[in-house]
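Chemist: Here's a structure for you.
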Protein chains: 2
Amino acid sequence: MNVFIYDTTLRDGSQSEHISFSLEDKLHLATRFDQAGFHYVEGGWPGSNPKDLLFFQRARRLTWKLARITAFGSTRHAKNRVQKDSNIQALLDAHTTTVTIFGKSWELHVRKALGIPLTENLKLISESVEFLKDAGKEVIYDAEHFFDGWKARPEYALRTLKAAESAGADFIVLCDTNGGSLPSEIEAGVKAARQAVKGRLGIHAHNDSDTATANSIAAVELGCEMVQGTVNGLGERCGNANLCCIIPVLELKLDHRCLGKEKVRELTALSRYVAEVSNVHLPGNLPFVGSSAFAHKGGIHVSAVLKSPSTYEHLEPETVGNQRRVLISDMSGKSNVVYKARELGWKNDIPPDHLNAVVQKLKQKEYEGFQYEGADASFHLLVQDIADQVPQFFVLEGWQVLVDKNRDGELRSQATIKVRVGDQEEHVIAEGNGPVNALNRALKKSLAPFFPSIDKVHLDDYKVRVIDAHCGTAAKVRVLIESTDGERRWSSVGVSENVLEASWQALVDSVRYHLLQHTERAAAPRRPARKNRR
Amino acid sequence: MNVFIYDTTLRDGSQSEHISFSLEDKLHLATRFDQAGFHYVEGGWPGSNPKDLLFFQRARRLTWKLARITAFGSTRHAKNRVQKDSNIQALLDAHTTTVTIFGKSWELHVRKALGIPLTENLKLISESVEFLKDAGKEVIYDAEHFFDGWKARPEYALRTLKAAESAGADFIVLCDTNGGSLPSEIEAGVKAARQAVKGRLGIHAHNDSDTATANSIAAVELGCEMVQGTVNGLGERCGNANLCCIIPVLELKLDHRCLGKEKVRELTALSRYVAEVSNVHLPGNLPFVGSSAFAHKGGIHVSAVLKSPSTYEHLEPETVGNQRRVLISDMSGKSNVVYKARELGWKNDIPPDHLNAVVQKLKQKEYEGFQYEGADASFHLLVQDIADQVPQFFVLEGWQVLVDKNRDGELRSQATIKVRVGDQEEHVIAEGNGPVNALNRALKKSLAPFFPSIDKVHLDDYKVRVIDAHCGTAAKVRVLIESTDGERRWSSVGVSENVLEASWQALVDSVRYHLLQHTERAAAPRRPARKNRR
């Protein structure tokens, strides 16, 4: 079956906590959704929001490959004639070929929210749909709260659908607005709707019961030809049905056609793009598109997956544009370490007599709170240290960090450090806008005379995690640092009860990794003649 | 129906990326799961991991209310006699009343992973189960990959179940190990299993198709009496079935009995506790227990919900221990602030002439990176500072934090602080196991002579979050501190580029809040006569 994908990220999705799309965001996203092959892209609610009105003006001037940009609104207000209803008028002013209007299917809402007789509500629906059809629009009718309405008073809920159908609606979309329905209830509701009306049906699910994907699939299996949802399941409360989960199930598991298999391969990229624009942290365990969705940690799983991926993968990660990853942890066996080493760009074989030592060291470090999943540089050093392949670039004689705040509230952070390179000592001081920054600057300053390339190394990202959060400030922290020399990026990790010591460990790994990659390690460390640098 | 809840957070859940439980973590979690009313708590895999062996030693010395602590392992290795199998032996050494063993139901795995004839695998299963039954254990048999096996070669998959049953297994748990099955496939598989074996069945689902909740529910509806899953859906790849979603559906929507309704009210607290211990950022939109699960943003929704909650809520948030929230966005008005103040435990009315100032201040602070949702004490102080209701307990003359590391790698952290209370100055020094700990001790030490009750105040939790992770160490951090005086708990927040300054702000708010609650503020600060305390 062909299934129409109707995206409401820009409207229902923008109701998520912490999300606020600018006009430009919305235009970028709509363009991307069009490229993704979505059939309908709901742009907004022009009657409720001036920003959305502007969106439709701008959208009209753009060219769309496939997507129909749709305007969303409600049936006419009970007090207005349909011709004079400002919300309906705003829908016309959006100048889209398609409009979506929602009406009430649940008597509770008709009574409590609208405060009108049940028959009056039927008139609202049929007059509004008819007016928009007369104006030449394709009309998608969203039956709000259909499933709750159907559970409470089935015959009335079905009458609202019939009202929309007789008025000429092109699609009738059954909405589980509160997200409380289970698949069995969805199935019963869709079957009843299927008997009541003849035209095309759709499904609009929310995830409050954690069954939005199952609900959407169940509806399609019973003949619904349109799925409404959002990318990444954005949306109020627990979110709307997640198109990034539903589309792969329909295309790859049930052989329906939505976007076509080629476009499904772009889903992971789409998901991450939307996460960036909406500035939402995407959970790694998001099915299909999450960064952990095909990540393996258990030793048994890893060795099996390396032999035959289908042993622990329900489909090939590439079919949704994702990729396999192997994680390192205290549950890792040798095969994890070998795979990870290769993935991290490790070129040579790890000598068999070192492999056991690496696995042991790794387990011990992870027990102490280290994690190497996001710390490729520290992992490299761990392996090479065991093989005794890292020169001792420098020896720390000591550092000291001083932060003070005076009575005017002024803060000052400074660090001193003394290192020895070969037989030469360097003792420097540096300031920073915080203690870690000061320590970083001091370290670089002390090494730069011996290793000039160190000046190119910059911190790009800095993360702190408390890893045993039940001992007050005596808890351990894990610091992750991402560094760059302008071309390459690498990351390193440190763990300590003391945030500065943890940062120091990560800084040292960052520097050692850089020096190891850099040819200057071949040259004997040498302090060039120069003037007083301090 | 009574449904047994089998928690595998400590074993399968610990396979999540970024999760590594310490031994103490595991013991704390198991205790909490026991309190939560879970029937089975899987402690780990003693045969694969020395940490897990230690867990069972420690667990034996504790008293459990209801939960049966279970040890997990595989059927015997093909090369070993069952009496001599080290993995089976480790299960016995765990000294639990219940053991769970998994065996292969999928011929692909038997051939590729085990590399043995199909009949040989049946022997592995029956001999292992029988041996453990003979040893007096309750045996739960996990049929790994049952659904994939059943799809590939149904009669063989069912024979593996029969092998476990004839050997005496107490539960046969059907596993969707790869998480690729849809509810319709689960239903077909459970029906076939139901016909093949007579005993108790269970379900073990993974979320790779985003249908783990729906799959688990479908299985229960067809008679499975045990649900295996994890709190918050922790677990490898996309995670295991999420008990925090399945339990409310079973108890509140389908009238099965798992924990009892009283315990279901503690689910949100349980979910957040596990998130803290596992140091996992919980998505706000997690169904039932997420912080946004009952949060309303859209204007229409807010006003409707305030009239009649069921208009946009599928169940009462209190039934799962969660709460309704009205969100404050940059368009928030006074009513949102009043609602929020009440939510944070604010008892009195905010005077109308202060309300505008509070709204402005709140918006400015949230813009700077502050968040008051987890910082009730700081919010109280913000409101009362505007109303000028907080006495100036002390004046900071300055502090200084010094951390140094010497050539032997020894670390020392010390803080000095000078405060003025009334006309008296106090200048002290304190050490700590890190800079924040030292600063905290110094602050308390400087104030104790004037406010003796401060000695009772302890830090309970300390969290650091980088809130703008793209400027290296110059990124801002937000520090959240939870404090207790043994009776009450409160939390405070600080934001700065400098982690020590952010910690300082949160420490000061913690102390001020304590003093404000404490009657001693009435007494004039006075420095008692005493000997040299430094």
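Naming works like this for the structure tokens: A, B, ... for the chains as they're shown, residue 1 at the start of each chain, ligands 1 onward in shown order.
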Neighbours of A:Ile186 within 10 Å (only C-alpha atoms; same-chain residues fewer than 3 positions away dropped), as an mmCIF file with all heavy atoms, in the first residue's frame?
Modeler:
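So the final result, stored in around22.cif, reads:
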```cif
data_model
loop_
_atom_site.group_PDB
_atom_site.id
_atom_site.type_symbol
_atom_site.label_atom_id
_atom_site.label_comp_id
_atom_site.auth_asym_id
_atom_site.auth_seq_id
_atom_site.Cartn_x
_atom_site.Cartn_y
_atom_site.Cartn_z
ATOM 1 N N PHE A 146 -10.601 11.452 18.561
ATOM 2 C CA PHE A 146 -11.558 10.482 18.038
ATOM 3 C C PHE A 146 -11.645 9.241 18.929
ATOM 4 O O PHE A 146 -12.736 8.749 19.246
ATOM 5 C CB PHE A 146 -11.224 10.064 16.599
ATOM 6 C CG PHE A 146 -12.023 8.870 16.162
ATOM 7 C CD1 PHE A 146 -13.381 9.009 15.867
ATOM 8 C CD2 PHE A 146 -11.472 7.592 16.109
ATOM 9 C CE1 PHE A 146 -14.153 7.903 15.510
ATOM 10 C CE2 PHE A 146 -12.239 6.482 15.759
ATOM 11 C CZ PHE A 146 -13.579 6.643 15.451
ATOM 12 N N PHE A 147 -10.485 8.717 19.331
ATOM 13 C CA PHE A 147 -10.522 7.430 20.053
ATOM 14 C C PHE A 147 -11.156 7.568 21.443
ATOM 15 O O PHE A 147 -11.920 6.705 21.869
ATOM 16 C CB PHE A 147 -9.132 6.803 20.104
ATOM 17 C CG PHE A 147 -8.632 6.411 18.743
ATOM 18 C CD1 PHE A 147 -7.826 7.275 18.000
ATOM 19 C CD2 PHE A 147 -9.003 5.204 18.173
ATOM 20 C CE1 PHE A 147 -7.395 6.926 16.724
ATOM 21 C CE2 PHE A 147 -8.581 4.848 16.891
ATOM 22 C CZ PHE A 147 -7.771 5.720 16.161
ATOM 23 N N LEU A 174 -7.906 10.052 12.101
ATOM 24 C CA LEU A 174 -8.358 9.671 13.434
ATOM 25 C C LEU A 174 -7.257 10.015 14.428
ATOM 26 O O LEU A 174 -6.131 9.519 14.311
ATOM 27 C CB LEU A 174 -8.663 8.168 13.450
ATOM 28 C CG LEU A 174 -9.569 7.706 12.293
ATOM 29 C CD1 LEU A 174 -9.698 6.176 12.275
ATOM 30 C CD2 LEU A 174 -10.948 8.365 12.374
ATOM 31 N N CYS A 175 -7.580 10.887 15.394
ATOM 32 C CA CYS A 175 -6.543 11.388 16.296
ATOM 33 C C CYS A 175 -6.676 10.776 17.689
ATOM 34 O O CYS A 175 -7.761 10.747 18.256
ATOM 35 C CB CYS A 175 -6.643 12.907 16.427
ATOM 36 S SG CYS A 175 -6.493 13.767 14.852
ATOM 37 N N ASP A 176 -5.534 10.323 18.215
ATOM 38 C CA ASP A 176 -5.474 9.933 19.619
ATOM 39 C C ASP A 176 -4.771 11.074 20.339
ATOM 40 O O ASP A 176 -3.603 10.990 20.712
ATOM 41 C CB ASP A 176 -4.719 8.613 19.787
ATOM 42 C CG ASP A 176 -4.759 8.120 21.231
ATOM 43 O OD1 ASP A 176 -5.788 8.335 21.895
ATOM 44 O OD2 ASP A 176 -3.760 7.537 21.690
ATOM 45 N N SER A 181 -4.427 5.800 24.184
ATOM 46 C CA SER A 181 -4.995 4.548 23.651
ATOM 47 C C SER A 181 -3.926 3.501 23.397
ATOM 48 O O SER A 181 -2.808 3.814 22.984
ATOM 49 C CB SER A 181 -5.747 4.824 22.346
ATOM 50 O OG SER A 181 -6.784 5.746 22.577
ATOM 51 N N LEU A 182 -4.301 2.253 23.616
ATOM 52 C CA LEU A 182 -3.417 1.129 23.349
ATOM 53 C C LEU A 182 -3.735 0.559 21.966
ATOM 54 O O LEU A 182 -4.817 0.814 21.411
ATOM 55 C CB LEU A 182 -3.623 0.053 24.425
ATOM 56 C CG LEU A 182 -3.366 0.540 25.856
ATOM 57 C CD1 LEU A 182 -3.681 -0.560 26.859
ATOM 58 C CD2 LEU A 182 -1.927 1.020 26.008
ATOM 59 N N PRO A 183 -2.809 -0.210 21.391
ATOM 60 C CA PRO A 183 -3.042 -0.722 20.036
ATOM 61 C C PRO A 183 -4.390 -1.422 19.857
ATOM 62 O O PRO A 183 -5.047 -1.244 18.824
ATOM 63 C CB PRO A 183 -1.873 -1.703 19.831
ATOM 64 C CG PRO A 183 -0.775 -1.177 20.700
ATOM 65 C CD PRO A 183 -1.467 -0.582 21.895
ATOM 66 N N GLY A 189 -11.168 1.114 17.142
ATOM 67 C CA GLY A 189 -11.654 2.409 16.656
ATOM 68 C C GLY A 189 -11.527 2.543 15.148
ATOM 69 O O GLY A 189 -12.427 3.046 14.469
ATOM 70 N N VAL A 190 -10.390 2.097 14.615
ATOM 71 C CA VAL A 190 -10.197 2.204 13.168
ATOM 72 C C VAL A 190 -11.208 1.318 12.430
ATOM 73 O O VAL A 190 -11.784 1.734 11.418
ATOM 74 C CB VAL A 190 -8.747 1.830 12.764
ATOM 75 C CG1 VAL A 190 -8.599 1.754 11.250
ATOM 76 C CG2 VAL A 190 -7.755 2.841 13.333
ATOM 77 N N LYS A 191 -11.419 0.115 12.968
ATOM 78 C CA LYS A 191 -12.405 -0.772 12.318
ATOM 79 C C LYS A 191 -13.779 -0.116 12.278
ATOM 80 O O LYS A 191 -14.469 -0.150 11.251
ATOM 81 C CB LYS A 191 -12.495 -2.107 13.074
ATOM 82 C CG LYS A 191 -11.387 -3.079 12.707
ATOM 83 C CD LYS A 191 -11.538 -4.394 13.496
ATOM 84 C CE LYS A 191 -10.275 -5.246 13.329
ATOM 85 N NZ LYS A 191 -10.178 -6.292 14.360
ATOM 86 N N ALA A 192 -14.188 0.484 13.389
ATOM 87 C CA ALA A 192 -15.494 1.144 13.439
ATOM 88 C C ALA A 192 -15.553 2.300 12.444
ATOM 89 O O ALA A 192 -16.551 2.478 11.723
ATOM 90 C CB ALA A 192 -15.770 1.641 14.856
ATOM 91 N N ILE A 203 -4.083 8.413 10.451
ATOM 92 C CA ILE A 203 -3.893 8.223 11.883
ATOM 93 C C ILE A 203 -2.963 9.321 12.424
ATOM 94 O O ILE A 203 -1.999 9.701 11.769
ATOM 95 C CB ILE A 203 -3.316 6.813 12.194
ATOM 96 C CG1 ILE A 203 -3.112 6.584 13.698
ATOM 97 C CG2 ILE A 203 -1.993 6.583 11.457
ATOM 98 C CD1 ILE A 203 -4.385 6.354 14.471
ATOM 99 N N ALA A 205 -1.201 9.924 16.089
ATOM 100 C CA ALA A 205 -1.029 9.350 17.422
ATOM 101 C C ALA A 205 -0.067 10.185 18.263
ATOM 102 O O ALA A 205 0.802 10.875 17.734
ATOM 103 C CB ALA A 205 -0.506 7.921 17.315
ATOM 104 N N ALA A 214 3.452 1.677 17.587
ATOM 105 C CA ALA A 214 2.589 0.497 17.428
ATOM 106 C C ALA A 214 1.185 0.913 17.004
ATOM 107 O O ALA A 214 0.564 0.264 16.148
ATOM 108 C CB ALA A 214 2.549 -0.297 18.735
ATOM 109 N N ASN A 215 0.671 2.006 17.587
ATOM 110 C CA ASN A 215 -0.665 2.469 17.234
ATOM 111 C C ASN A 215 -0.739 2.884 15.761
ATOM 112 O O ASN A 215 -1.702 2.557 15.064
ATOM 113 C CB ASN A 215 -1.067 3.663 18.115
ATOM 114 C CG ASN A 215 -1.326 3.243 19.557
ATOM 115 O OD1 ASN A 215 -1.316 2.060 19.879
ATOM 116 N ND2 ASN A 215 -1.564 4.215 20.425
ATOM 117 N N SER A 216 0.272 3.607 15.299
ATOM 118 C CA SER A 216 0.260 4.074 13.914
ATOM 119 C C SER A 216 0.322 2.890 12.956
ATOM 120 O O SER A 216 -0.376 2.852 11.935
ATOM 121 C CB SER A 216 1.446 5.014 13.662
ATOM 122 O OG SER A 216 1.417 6.098 14.569
ATOM 123 N N ILE A 217 1.180 1.922 13.297
ATOM 124 C CA ILE A 217 1.317 0.743 12.436
ATOM 125 C C ILE A 217 0.022 -0.059 12.405
ATOM 126 O O ILE A 217 -0.434 -0.490 11.342
ATOM 127 C CB ILE A 217 2.467 -0.136 12.940
ATOM 128 C CG1 ILE A 217 3.789 0.604 12.756
ATOM 129 C CG2 ILE A 217 2.504 -1.459 12.213
ATOM 130 C CD1 ILE A 217 4.907 0.003 13.557
ATOM 131 N N ALA A 218 -0.586 -0.239 13.572
ATOM 132 C CA ALA A 218 -1.849 -0.980 13.632
ATOM 133 C C ALA A 218 -2.899 -0.325 12.734
ATOM 134 O O ALA A 218 -3.637 -1.001 12.013
ATOM 135 C CB ALA A 218 -2.343 -1.056 15.078
ATOM 136 N N ALA A 219 -2.934 1.020 12.760
ATOM 137 C CA ALA A 219 -3.918 1.740 11.945
ATOM 138 C C ALA A 219 -3.652 1.544 10.461
ATOM 139 O O ALA A 219 -4.580 1.349 9.668
ATOM 140 C CB ALA A 219 -3.907 3.225 12.311
ATOM 141 N N LEU A 222 -4.778 -1.673 9.160
ATOM 142 C CA LEU A 222 -6.237 -1.764 8.972
ATOM 143 C C LEU A 222 -6.721 -0.801 7.901
ATOM 144 O O LEU A 222 -7.915 -0.558 7.767
ATOM 145 C CB LEU A 222 -6.941 -1.504 10.305
ATOM 146 C CG LEU A 222 -6.788 -2.661 11.303
ATOM 147 C CD1 LEU A 222 -7.234 -2.239 12.691
ATOM 148 C CD2 LEU A 222 -7.604 -3.875 10.840
#
```
Chemist: At a cut-off of 9 Å, using only C-alpha atoms, what residues contact B:Pro283? Leave out same-chain residues fewer than 4 positions from it and give the result as a ChimeraX atom specification.
Modeler: /A:281-283 /B:290-292
Chemist: Could you write out that same residue set with N, CA, C and O atoms as a compact mmCIF listing (two decimals), in the first residue's frame?
Modeler:
```txt
# COMPACT_ATOMS: atom_id res chain seq x y z
N HIS A 281 18.66 17.57 22.65
CA HIS A 281 19.59 16.45 22.81
C HIS A 281 18.85 15.17 22.47
O HIS A 281 17.86 14.83 23.10
N LEU A 282 19.33 14.48 21.46
CA LEU A 282 18.67 13.27 20.99
C LEU A 282 19.12 12.08 21.84
O LEU A 282 20.32 11.84 21.95
N PRO A 283 18.19 11.33 22.44
CA PRO A 283 18.64 10.16 23.19
C PRO A 283 19.36 9.19 22.27
O PRO A 283 18.90 8.94 21.15
N GLY B 290 8.34 11.02 32.69
CA GLY B 290 9.18 12.13 32.24
C GLY B 290 8.73 13.46 32.82
O GLY B 290 7.56 13.63 33.18
N SER B 291 9.67 14.41 32.91
CA SER B 291 9.31 15.70 33.50
C SER B 291 8.32 16.46 32.62
O SER B 291 7.59 17.32 33.09
N SER B 292 8.29 16.16 31.32
CA SER B 292 7.34 16.83 30.43
C SER B 292 6.08 16.01 30.19
O SER B 292 5.20 16.45 29.43
```
Chemist: Report, to one decimal in Å, the C-alpha RMSD of chain B against chain A after an in-order least-squares superposition over all those atoms.
Modeler: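 After least-squares fitting, the two copies differ by 4.9 Å C-alpha RMSD.
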Chemist: When you draw a straight line from atom CA of A:Thr230 to atom CA of A:Leu267, how long is it in Å?
Modeler: 12.4 Å
Chemist: What parts of stretch 301-531 of chain A does DSSP call strand (DSSP E or B)? I'd like the answer as a PyMOL selection string.
Modeler: chain A and resi 325-326+395-406+411-421+424-432+458-466+471+473+477-484+489-496
